[in-house]
file work.pdb (PDB, C-alpha atoms)
MODEL        1
ATOM      1  CA  GLU E   1      36.840  48.364-109.001  1.00  0.00           C
ATOM      2  CA  ASP E   2      36.423  49.842-105.538  1.00  0.00           C
ATOM      3  CA  LEU E   3      37.463  47.356-102.890  1.00  0.00           C
ATOM      4  CA  LEU E   4      35.599  49.028-100.022  1.00  0.00           C
ATOM      5  CA  ASP E   5      33.084  46.728 -98.373  1.00  0.00           C
ATOM      6  CA  ILE E   6      30.379  49.393 -98.191  1.00  0.00           C
ATOM      7  CA  ASN E   7      29.886  49.033-101.967  1.00  0.00           C
ATOM      8  CA  LEU E   8      28.727  45.446-101.541  1.00  0.00           C
ATOM      9  CA  SER E   9      25.283  46.631-100.411  1.00  0.00           C
ATOM     10  CA  GLN E  10      24.653  48.171-103.845  1.00  0.00           C
ATOM     11  CA  LEU E  11      25.813  44.970-105.525  1.00  0.00           C
ATOM     12  CA  LEU E  12      23.430  43.009-103.309  1.00  0.00           C
ATOM     13  CA  GLU E  13      20.579  45.377-104.128  1.00  0.00           C
ATOM     14  CA  ASP E  14      21.267  45.123-107.863  1.00  0.00           C
ATOM     15  CA  THR E  15      21.224  41.329-107.564  1.00  0.00           C
ATOM     16  CA  LEU E  16      18.012  41.200-105.524  1.00  0.00           C
ATOM     17  CA  GLN E  17      16.232  43.538-107.954  1.00  0.00           C
ATOM     18  CA  LYS E  18      16.871  41.020-110.765  1.00  0.00           C
ATOM     19  CA  ASP E  19      16.180  37.866-108.750  1.00  0.00           C
ATOM     20  CA  ASN E  20      12.560  36.818-108.214  1.00  0.00           C
ATOM     21  CA  PHE E  21      13.260  33.401-106.710  1.00  0.00           C
ATOM     22  CA  PRO E  22      11.454  33.093-103.370  1.00  0.00           C
ATOM     23  CA  LYS E  23      14.328  31.330-101.570  1.00  0.00           C
ATOM     24  CA  LYS E  24      17.911  32.496-101.583  1.00  0.00           C
ATOM     25  CA  PHE E  25      21.151  31.493 -99.906  1.00  0.00           C
ATOM     26  CA  ILE E  26      23.564  34.405-100.194  1.00  0.00           C
ATOM     27  CA  PHE E  27      27.168  34.655 -99.036  1.00  0.00           C
ATOM     28  CA  VAL E  28      28.832  38.059 -98.845  1.00  0.00           C
ATOM     29  CA  HIS E  29      32.568  38.076 -98.171  1.00  0.00           C
ATOM     30  CA  LEU E  30      33.957  41.242 -96.604  1.00  0.00           C
ATOM     31  CA  ARG E  31      37.512  42.498 -96.645  1.00  0.00           C
ATOM     32  CA  GLY E  32      36.924  43.652 -93.078  1.00  0.00           C
ATOM     33  CA  SER E  33      39.819  44.652 -90.863  1.00  0.00           C
ATOM     34  CA  HIS E  34      42.757  43.091 -92.661  1.00  0.00           C
ATOM     35  CA  GLN E  35      46.067  44.864 -92.930  1.00  0.00           C
ATOM     36  CA  PRO E  36      46.889  47.326 -94.319  1.00  0.00           C
ATOM     37  CA  TYR E  37      44.123  48.942 -92.310  1.00  0.00           C
ATOM     38  CA  THR E  38      44.281  52.149 -94.340  1.00  0.00           C
ATOM     39  CA  LYS E  39      42.608  50.311 -97.253  1.00  0.00           C
ATOM     40  CA  GLY E  40      39.617  49.309 -95.121  1.00  0.00           C
ATOM     41  CA  TYR E  41      37.807  52.594 -94.483  1.00  0.00           C
ATOM     42  CA  ASP E  42      36.779  55.801 -96.203  1.00  0.00           C
ATOM     43  CA  GLU E  43      36.165  59.487 -95.540  1.00  0.00           C
ATOM     44  CA  VAL E  44      32.781  58.790 -93.942  1.00  0.00           C
ATOM     45  CA  ASP E  45      34.504  56.702 -91.285  1.00  0.00           C
ATOM     46  CA  LYS E  46      37.205  59.341 -90.751  1.00  0.00           C
ATOM     47  CA  LEU E  47      34.584  62.061 -90.331  1.00  0.00           C
ATOM     48  CA  ALA E  48      32.589  59.935 -87.877  1.00  0.00           C
ATOM     49  CA  LEU E  49      35.667  59.105 -85.780  1.00  0.00           C
ATOM     50  CA  PRO E  50      38.258  61.818 -86.457  1.00  0.00           C
ATOM     51  CA  ASP E  51      40.583  60.772 -83.619  1.00  0.00           C
ATOM     52  CA  ALA E  52      40.374  57.016 -84.154  1.00  0.00           C
ATOM     53  CA  GLU E  53      43.249  54.786 -85.176  1.00  0.00           C
ATOM     54  CA  ALA E  54      43.151  53.045 -88.555  1.00  0.00           C
ATOM     55  CA  TYR E  55      42.073  49.645 -87.157  1.00  0.00           C
ATOM     56  CA  ASP E  56      39.153  51.238 -85.316  1.00  0.00           C
ATOM     57  CA  LEU E  57      38.111  52.957 -88.533  1.00  0.00           C
ATOM     58  CA  THR E  58      37.952  49.553 -90.254  1.00  0.00           C
ATOM     59  CA  ILE E  59      35.653  48.315 -87.489  1.00  0.00           C
ATOM     60  CA  HIS E  60      33.424  51.355 -88.010  1.00  0.00           C
ATOM     61  CA  HIS E  61      33.426  50.642 -91.752  1.00  0.00           C
ATOM     62  CA  THR E  62      32.419  47.025 -91.130  1.00  0.00           C
ATOM     63  CA  ASP E  63      29.575  48.205 -88.868  1.00  0.00           C
ATOM     64  CA  ARG E  64      28.363  50.527 -91.636  1.00  0.00           C
ATOM     65  CA  THR E  65      28.634  47.732 -94.192  1.00  0.00           C
ATOM     66  CA  ILE E  66      26.649  45.261 -92.111  1.00  0.00           C
ATOM     67  CA  LYS E  67      23.954  47.897 -91.529  1.00  0.00           C
ATOM     68  CA  ALA E  68      23.792  48.705 -95.265  1.00  0.00           C
ATOM     69  CA  LEU E  69      23.535  44.998 -96.180  1.00  0.00           C
ATOM     70  CA  TYR E  70      20.870  44.483 -93.521  1.00  0.00           C
ATOM     71  CA  ASP E  71      18.870  47.440 -94.851  1.00  0.00           C
ATOM     72  CA  VAL E  72      18.924  45.980 -98.373  1.00  0.00           C
ATOM     73  CA  ILE E  73      17.871  42.535 -97.159  1.00  0.00           C
ATOM     74  CA  ASN E  74      15.104  44.047 -95.043  1.00  0.00           C
ATOM     75  CA  LYS E  75      13.898  46.088 -98.044  1.00  0.00           C
ATOM     76  CA  TYR E  76      13.466  43.005-100.245  1.00  0.00           C
ATOM     77  CA  SER E  77      12.232  40.442 -97.731  1.00  0.00           C
ATOM     78  CA  ASN E  78      10.405  40.058 -94.457  1.00  0.00           C
ATOM     79  CA  ASN E  79      11.498  36.430 -94.116  1.00  0.00           C
ATOM     80  CA  TYR E  80      15.247  36.104 -93.615  1.00  0.00           C
ATOM     81  CA  THR E  81      18.072  35.011 -91.397  1.00  0.00           C
ATOM     82  CA  VAL E  82      21.353  36.920 -91.397  1.00  0.00           C
ATOM     83  CA  ILE E  83      24.572  35.620 -89.890  1.00  0.00           C
ATOM     84  CA  TYR E  84      27.746  37.660 -89.648  1.00  0.00           C
ATOM     85  CA  THR E  85      30.943  36.092 -88.433  1.00  0.00           C
ATOM     86  CA  SER E  86      34.637  36.409 -89.078  1.00  0.00           C
ATOM     87  CA  ASP E  87      37.120  33.808 -90.244  1.00  0.00           C
ATOM     88  CA  HIS E  88      39.699  34.855 -87.656  1.00  0.00           C
ATOM     89  CA  GLY E  89      40.515  37.438 -85.052  1.00  0.00           C
ATOM     90  CA  GLU E  90      43.352  39.917 -85.176  1.00  0.00           C
ATOM     91  CA  ILE E  91      46.323  40.986 -83.125  1.00  0.00           C
ATOM     92  CA  VAL E  92      45.893  44.688 -83.794  1.00  0.00           C
ATOM     93  CA  ASN E  93      48.801  46.232 -85.718  1.00  0.00           C
ATOM     94  CA  VAL E  94      50.439  42.793 -85.987  1.00  0.00           C
ATOM     95  CA  GLY E  95      48.048  40.587 -87.969  1.00  0.00           C
ATOM     96  CA  HIS E  96      46.896  36.992 -87.622  1.00  0.00           C
ATOM     97  CA  GLY E  97      48.319  33.524 -88.101  1.00  0.00           C
ATOM     98  CA  ILE E  98      51.037  34.290 -85.564  1.00  0.00           C
ATOM     99  CA  GLY E  99      51.755  32.141 -82.520  1.00  0.00           C
ATOM    100  CA  ASP E 100      49.083  31.299 -79.985  1.00  0.00           C
ATOM    101  CA  ASN E 101      47.664  34.725 -79.108  1.00  0.00           C
ATOM    102  CA  VAL E 102      44.004  34.210 -78.186  1.00  0.00           C
ATOM    103  CA  ASP E 103      42.928  37.426 -79.963  1.00  0.00           C
ATOM    104  CA  GLN E 104      43.282  35.518 -83.246  1.00  0.00           C
ATOM    105  CA  PHE E 105      40.522  33.140 -82.151  1.00  0.00           C
ATOM    106  CA  LEU E 106      38.010  35.481 -80.502  1.00  0.00           C
ATOM    107  CA  ILE E 107      35.693  36.494 -83.331  1.00  0.00           C
ATOM    108  CA  PRO E 108      32.318  38.215 -83.626  1.00  0.00           C
ATOM    109  CA  PHE E 109      29.091  36.347 -84.303  1.00  0.00           C
ATOM    110  CA  MET E 110      25.882  38.220 -85.026  1.00  0.00           C
ATOM    111  CA  PHE E 111      22.578  36.586 -85.832  1.00  0.00           C
ATOM    112  CA  ILE E 112      19.149  37.940 -86.682  1.00  0.00           C
ATOM    113  CA  SER E 113      16.131  36.088 -87.986  1.00  0.00           C
ATOM    114  CA  THR E 114      12.550  37.048 -88.677  1.00  0.00           C
ATOM    115  CA  ASN E 115      11.595  33.399 -88.114  1.00  0.00           C
ATOM    116  CA  GLN E 116      10.643  32.951 -84.458  1.00  0.00           C
ATOM    117  CA  ARG E 117      11.935  29.373 -84.596  1.00  0.00           C
ATOM    118  CA  TYR E 118      15.450  30.761 -85.004  1.00  0.00           C
ATOM    119  CA  ASN E 119      15.621  33.033 -81.990  1.00  0.00           C
ATOM    120  CA  CYS E 120      18.306  33.589 -79.364  1.00  0.00           C
ATOM    121  CA  GLN E 121      17.483  30.279 -77.688  1.00  0.00           C
ATOM    122  CA  PHE E 122      18.171  28.523 -80.988  1.00  0.00           C
ATOM    123  CA  ILE E 123      21.678  30.018 -81.128  1.00  0.00           C
ATOM    124  CA  GLU E 124      22.274  29.504 -77.404  1.00  0.00           C
ATOM    125  CA  SER E 125      21.620  25.784 -77.900  1.00  0.00           C
ATOM    126  CA  PHE E 126      24.941  25.634 -79.795  1.00  0.00           C
ATOM    127  CA  ARG E 127      26.971  27.301 -77.023  1.00  0.00           C
ATOM    128  CA  GLY E 128      29.500  25.044 -75.316  1.00  0.00           C
ATOM    129  CA  PRO E 129      29.766  24.314 -71.589  1.00  0.00           C
ATOM    130  CA  ASP E 130      32.706  26.742 -71.413  1.00  0.00           C
ATOM    131  CA  GLY E 131      30.314  29.593 -72.283  1.00  0.00           C
ATOM    132  CA  TYR E 132      31.725  30.155 -75.769  1.00  0.00           C
ATOM    133  CA  LEU E 133      29.987  29.754 -79.098  1.00  0.00           C
ATOM    134  CA  SER E 134      32.587  27.967 -81.178  1.00  0.00           C
ATOM    135  CA  GLY E 135      33.098  28.724 -84.849  1.00  0.00           C
ATOM    136  CA  LEU E 136      32.937  24.954 -85.271  1.00  0.00           C
ATOM    137  CA  MET E 137      29.194  25.244 -84.635  1.00  0.00           C
ATOM    138  CA  ASN E 138      28.641  27.351 -87.765  1.00  0.00           C
ATOM    139  CA  LYS E 139      28.242  24.284 -89.975  1.00  0.00           C
ATOM    140  CA  TYR E 140      25.604  22.881 -87.627  1.00  0.00           C
ATOM    141  CA  ILE E 141      23.764  26.186 -87.371  1.00  0.00           C
ATOM    142  CA  LEU E 142      23.680  26.487 -91.174  1.00  0.00           C
ATOM    143  CA  SER E 143      22.670  22.842 -91.588  1.00  0.00           C
ATOM    144  CA  ASN E 144      19.803  23.325 -89.165  1.00  0.00           C
ATOM    145  CA  LEU E 145      18.682  26.499 -90.949  1.00  0.00           C
ATOM    146  CA  LEU E 146      18.655  24.534 -94.213  1.00  0.00           C
ATOM    147  CA  GLY E 147      16.346  21.931 -92.669  1.00  0.00           C
ATOM    148  CA  TYR E 148      18.746  19.199 -91.646  1.00  0.00           C
ATOM    149  CA  GLU E 149      18.369  17.552 -88.277  1.00  0.00           C
ATOM    150  CA  ILE E 150      21.617  17.026 -86.420  1.00  0.00           C
ATOM    151  CA  ASP E 151      22.018  14.138 -84.017  1.00  0.00           C
ATOM    152  CA  PRO E 152      22.164  15.740 -80.531  1.00  0.00           C
ATOM    153  CA  ALA E 153      24.990  13.359 -79.574  1.00  0.00           C
ATOM    154  CA  ILE E 154      27.133  14.754 -82.400  1.00  0.00           C
ATOM    155  CA  LEU E 155      26.381  18.316 -81.287  1.00  0.00           C
ATOM    156  CA  ASP E 156      27.229  17.523 -77.665  1.00  0.00           C
ATOM    157  CA  LYS E 157      30.489  15.863 -78.692  1.00  0.00           C
ATOM    158  CA  GLU E 158      31.471  18.916 -80.756  1.00  0.00           C
ATOM    159  CA  LYS E 159      30.430  21.394 -78.046  1.00  0.00           C
ATOM    160  CA  ASN E 160      32.650  19.543 -75.584  1.00  0.00           C
ATOM    161  CA  ASN E 161      35.601  19.457 -77.967  1.00  0.00           C
ATOM    162  CA  ASP E 162      36.113  23.091 -78.975  1.00  0.00           C
ATOM    163  CA  ARG E 163      39.430  23.359 -80.731  1.00  0.00           C
ATOM    164  CA  VAL E 164      41.368  25.740 -82.936  1.00  0.00           C
ATOM    165  CA  PHE E 165      43.676  25.259 -85.878  1.00  0.00           C
ATOM    166  CA  MET E 166      46.971  26.870 -84.957  1.00  0.00           C
ATOM    167  CA  PRO E 167      49.318  28.784 -87.270  1.00  0.00           C
ATOM    168  CA  ASN E 168      51.802  25.893 -87.059  1.00  0.00           C
ATOM    169  CA  SER E 169      49.097  23.497 -88.413  1.00  0.00           C
ATOM    170  CA  SER E 170      48.531  21.807 -85.058  1.00  0.00           C
ATOM    171  CA  VAL E 171      45.125  21.593 -83.389  1.00  0.00           C
ATOM    172  CA  MET E 172      44.739  22.822 -79.823  1.00  0.00           C
ATOM    173  CA  PRO E 173      41.813  22.855 -77.385  1.00  0.00           C
ATOM    174  CA  PHE E 174      40.404  26.389 -77.354  1.00  0.00           C
ATOM    175  CA  LEU E 175      40.400  26.588 -73.549  1.00  0.00           C
ATOM    176  CA  GLU E 176      44.112  25.770 -73.517  1.00  0.00           C
ATOM    177  CA  VAL E 177      44.789  28.756 -75.799  1.00  0.00           C
ATOM    178  CA  LEU E 178      42.416  30.944 -73.769  1.00  0.00           C
ATOM    179  CA  ASN E 179      43.944  30.017 -70.429  1.00  0.00           C
ATOM    180  CA  LYS E 180      47.502  30.801 -71.598  1.00  0.00           C
ATOM    181  CA  HIS E 181      46.591  34.481 -71.698  1.00  0.00           C
TER     182      HIS E 181
ENDMDL
END

call {"tool": "encode", "arguments": {"input": "work.pdb", "output": "structure tokens"}}
result
Amino acid sequence: EDLLDINLSQLLEDTLQKDNFPKKFIFVHLRGSHQPYTKGYDEVDKLALPDAEAYDLTIHHTDRTIKALYDVINKYSNNYTVIYTSDHGEIVNVGHGIGDNVDQFLIPFMFISTNQRYNCQFIESFRGPDGYLSGLMNKYILSNLLGYEIDPAILDKEKNNDRVFMPNSSVMPFLEVLNKH
């Protein structure tokens, strides 16, 4: 009933308490920082940042949510990989899916793994020559984590062809969008 993301950690804990399967693949979808921002935070966030604007409070709420989810995962396993990313960026107080503003395409990516094979160098191997880690790499990162081997030529081709799907349904090279601003 409560749409606040912070409550997802209890749902995850309830699920993990009942699940004794040794391997799990879990997706958690957050509301995050979508408009209206006032529906994306609670009193805890307001008390922590009393002078913050509503959007900033949603970011604080997301930080709390990720920490709470991480704590639950860490409580039930010592062998895990956690990825957090967003489906899009945001033009603060405007929204997303509007024009070619680069803020809609700059999104967070966080990664932690207890498996030494999947360390920072593993993630860095997916970074493109432009210095950005494209969201297009997520499918390859996940495939690799699931045990699939990806042809290096395919990865190189994708890393050198970073592109974004625009609000008008066209596809544009990411660097072209980035360099406009």

call {"tool": "residues_around", "arguments": {"input": "work.pdb", "residues": "E:Val164", "least_positions_apart": "3", "cutoff": "12 Å", "atoms": "all atoms listed in the file", "output": "list of chain:residue names"}}
result
E:Asp87, E:His88, E:Gly89, E:Gly97, E:Asp100, E:Asn101, E:Val102, E:Gln104, E:Phe105, E:Leu106, E:Ser134, E:Gly135, E:Leu136, E:Asn161, E:Pro167, E:Asn168, E:Ser169, E:Ser170, E:Val171, E:Met172, E:Pro173, E:Phe174, E:Leu175, E:Glu176, E:Val177, E:Leu178

call {"tool": "closest_atom_pairs", "arguments": {"input": "work.pdb", "of": "stretch 62-141 of chain E", "to": "stretch 26-50 of chain E", "cutoff": "9 Å", "atoms": "only C-alpha atoms", "output": "Markdown table"}}
result
| residue | atom | partner | partner_atom | distance |
| --- | --- | --- | --- | --- |
| E:Thr62 | CA | E:Gly32 | CA | 6.0 |
| E:Arg64 | CA | E:Asp45 | CA | 8.7 |
| E:Thr65 | CA | E:Leu30 | CA | 8.7 |
| E:Ser86 | CA | E:Gly32 | CA | 8.6 |
| E:Glu90 | CA | E:His34 | CA | 8.2 |
| E:Asn93 | CA | E:Gln35 | CA | 7.8 |
| E:Val94 | CA | E:Gln35 | CA | 8.5 |
| E:Gly95 | CA | E:Gln35 | CA | 6.8 |
| E:His96 | CA | E:His34 | CA | 8.9 |

call {"tool": "resolve_selection", "arguments": {"input": "work.pdb", "expression": "the PyMOL selection byres ((chain E and resi 25) around 10)", "output": "compact mmCIF listing (two decimals) with C-alpha atoms, in the coordinates of the input"}}
result
# COMPACT_ATOMS: atom_id res chain seq x y z
CA LYS E 23 14.33 31.33 -101.57
CA LYS E 24 17.91 32.50 -101.58
CA ILE E 26 23.56 34.40 -100.19
CA PHE E 27 27.17 34.66 -99.04
CA TYR E 80 15.25 36.10 -93.62
CA THR E 81 18.07 35.01 -91.40
CA LEU E 146 18.66 24.53 -94.21

call {"tool": "residues_near_point", "arguments": {"input": "work.pdb", "point": "(24.3, 33.1, -81.3)", "cutoff": "7 Å", "atoms": "only C-alpha atoms", "output": "PyMOL selection string"}}
result
chain E and resi 109-111+120+123-124+133

call {"tool": "closest_residue", "arguments": {"input": "work.pdb", "among": "E:Tyr132, E:Thr15, E:Arg127, E:Lys180", "to": "E:Val72", "atoms": "all atoms listed in the file"}}
result
E:Thr15

call {"tool": "decode", "arguments": {"input": "work.pdb", "residues": "stretch 107-122 of chain E", "atoms": "N, CA and C atoms", "output": "compact mmCIF listing (two decimals), in the first residue's frame"}}
result
# COMPACT_ATOMS: atom_id res chain seq x y z
N ILE E 107 23.24 8.83 -16.11
CA ILE E 107 22.57 8.09 -15.05
C ILE E 107 23.60 7.43 -14.13
N PRO E 108 23.19 7.15 -12.90
CA PRO E 108 24.12 6.49 -11.97
C PRO E 108 24.30 5.02 -12.30
N PHE E 109 25.44 4.49 -11.91
CA PHE E 109 25.71 3.06 -11.99
C PHE E 109 26.57 2.72 -10.79
N MET E 110 26.05 1.86 -9.94
CA MET E 110 26.81 1.40 -8.77
C MET E 110 26.91 -0.11 -8.85
N PHE E 111 28.05 -0.63 -8.42
CA PHE E 111 28.32 -2.05 -8.53
C PHE E 111 29.13 -2.49 -7.33
N ILE E 112 28.72 -3.58 -6.72
CA ILE E 112 29.51 -4.17 -5.63
C ILE E 112 29.38 -5.68 -5.75
N SER E 113 30.48 -6.36 -5.55
CA SER E 113 30.47 -7.82 -5.61
C SER E 113 31.43 -8.37 -4.57
N THR E 114 31.03 -9.46 -3.95
CA THR E 114 31.92 -10.14 -3.02
C THR E 114 32.83 -11.11 -3.76
N ASN E 115 32.57 -11.34 -5.04
CA ASN E 115 33.37 -12.22 -5.87
C ASN E 115 34.52 -11.40 -6.46
N GLN E 116 35.74 -11.76 -6.13
CA GLN E 116 36.91 -10.99 -6.58
C GLN E 116 37.03 -10.95 -8.10
N ARG E 117 36.42 -11.91 -8.78
CA ARG E 117 36.46 -11.93 -10.24
C ARG E 117 35.72 -10.72 -10.82
N TYR E 118 34.72 -10.25 -10.07
CA TYR E 118 33.89 -9.14 -10.54
C TYR E 118 34.23 -7.88 -9.77
N ASN E 119 35.43 -7.41 -9.97
CA ASN E 119 35.92 -6.23 -9.26
C ASN E 119 35.81 -4.99 -10.16
N CYS E 120 36.42 -3.92 -9.75
CA CYS E 120 36.36 -2.67 -10.53
C CYS E 120 36.93 -2.85 -11.93
N GLN E 121 37.99 -3.65 -12.05
CA GLN E 121 38.58 -3.87 -13.38
C GLN E 121 37.59 -4.57 -14.31
N PHE E 122 36.79 -5.45 -13.75
CA PHE E 122 35.75 -6.12 -14.54
C PHE E 122 34.80 -5.08 -15.13
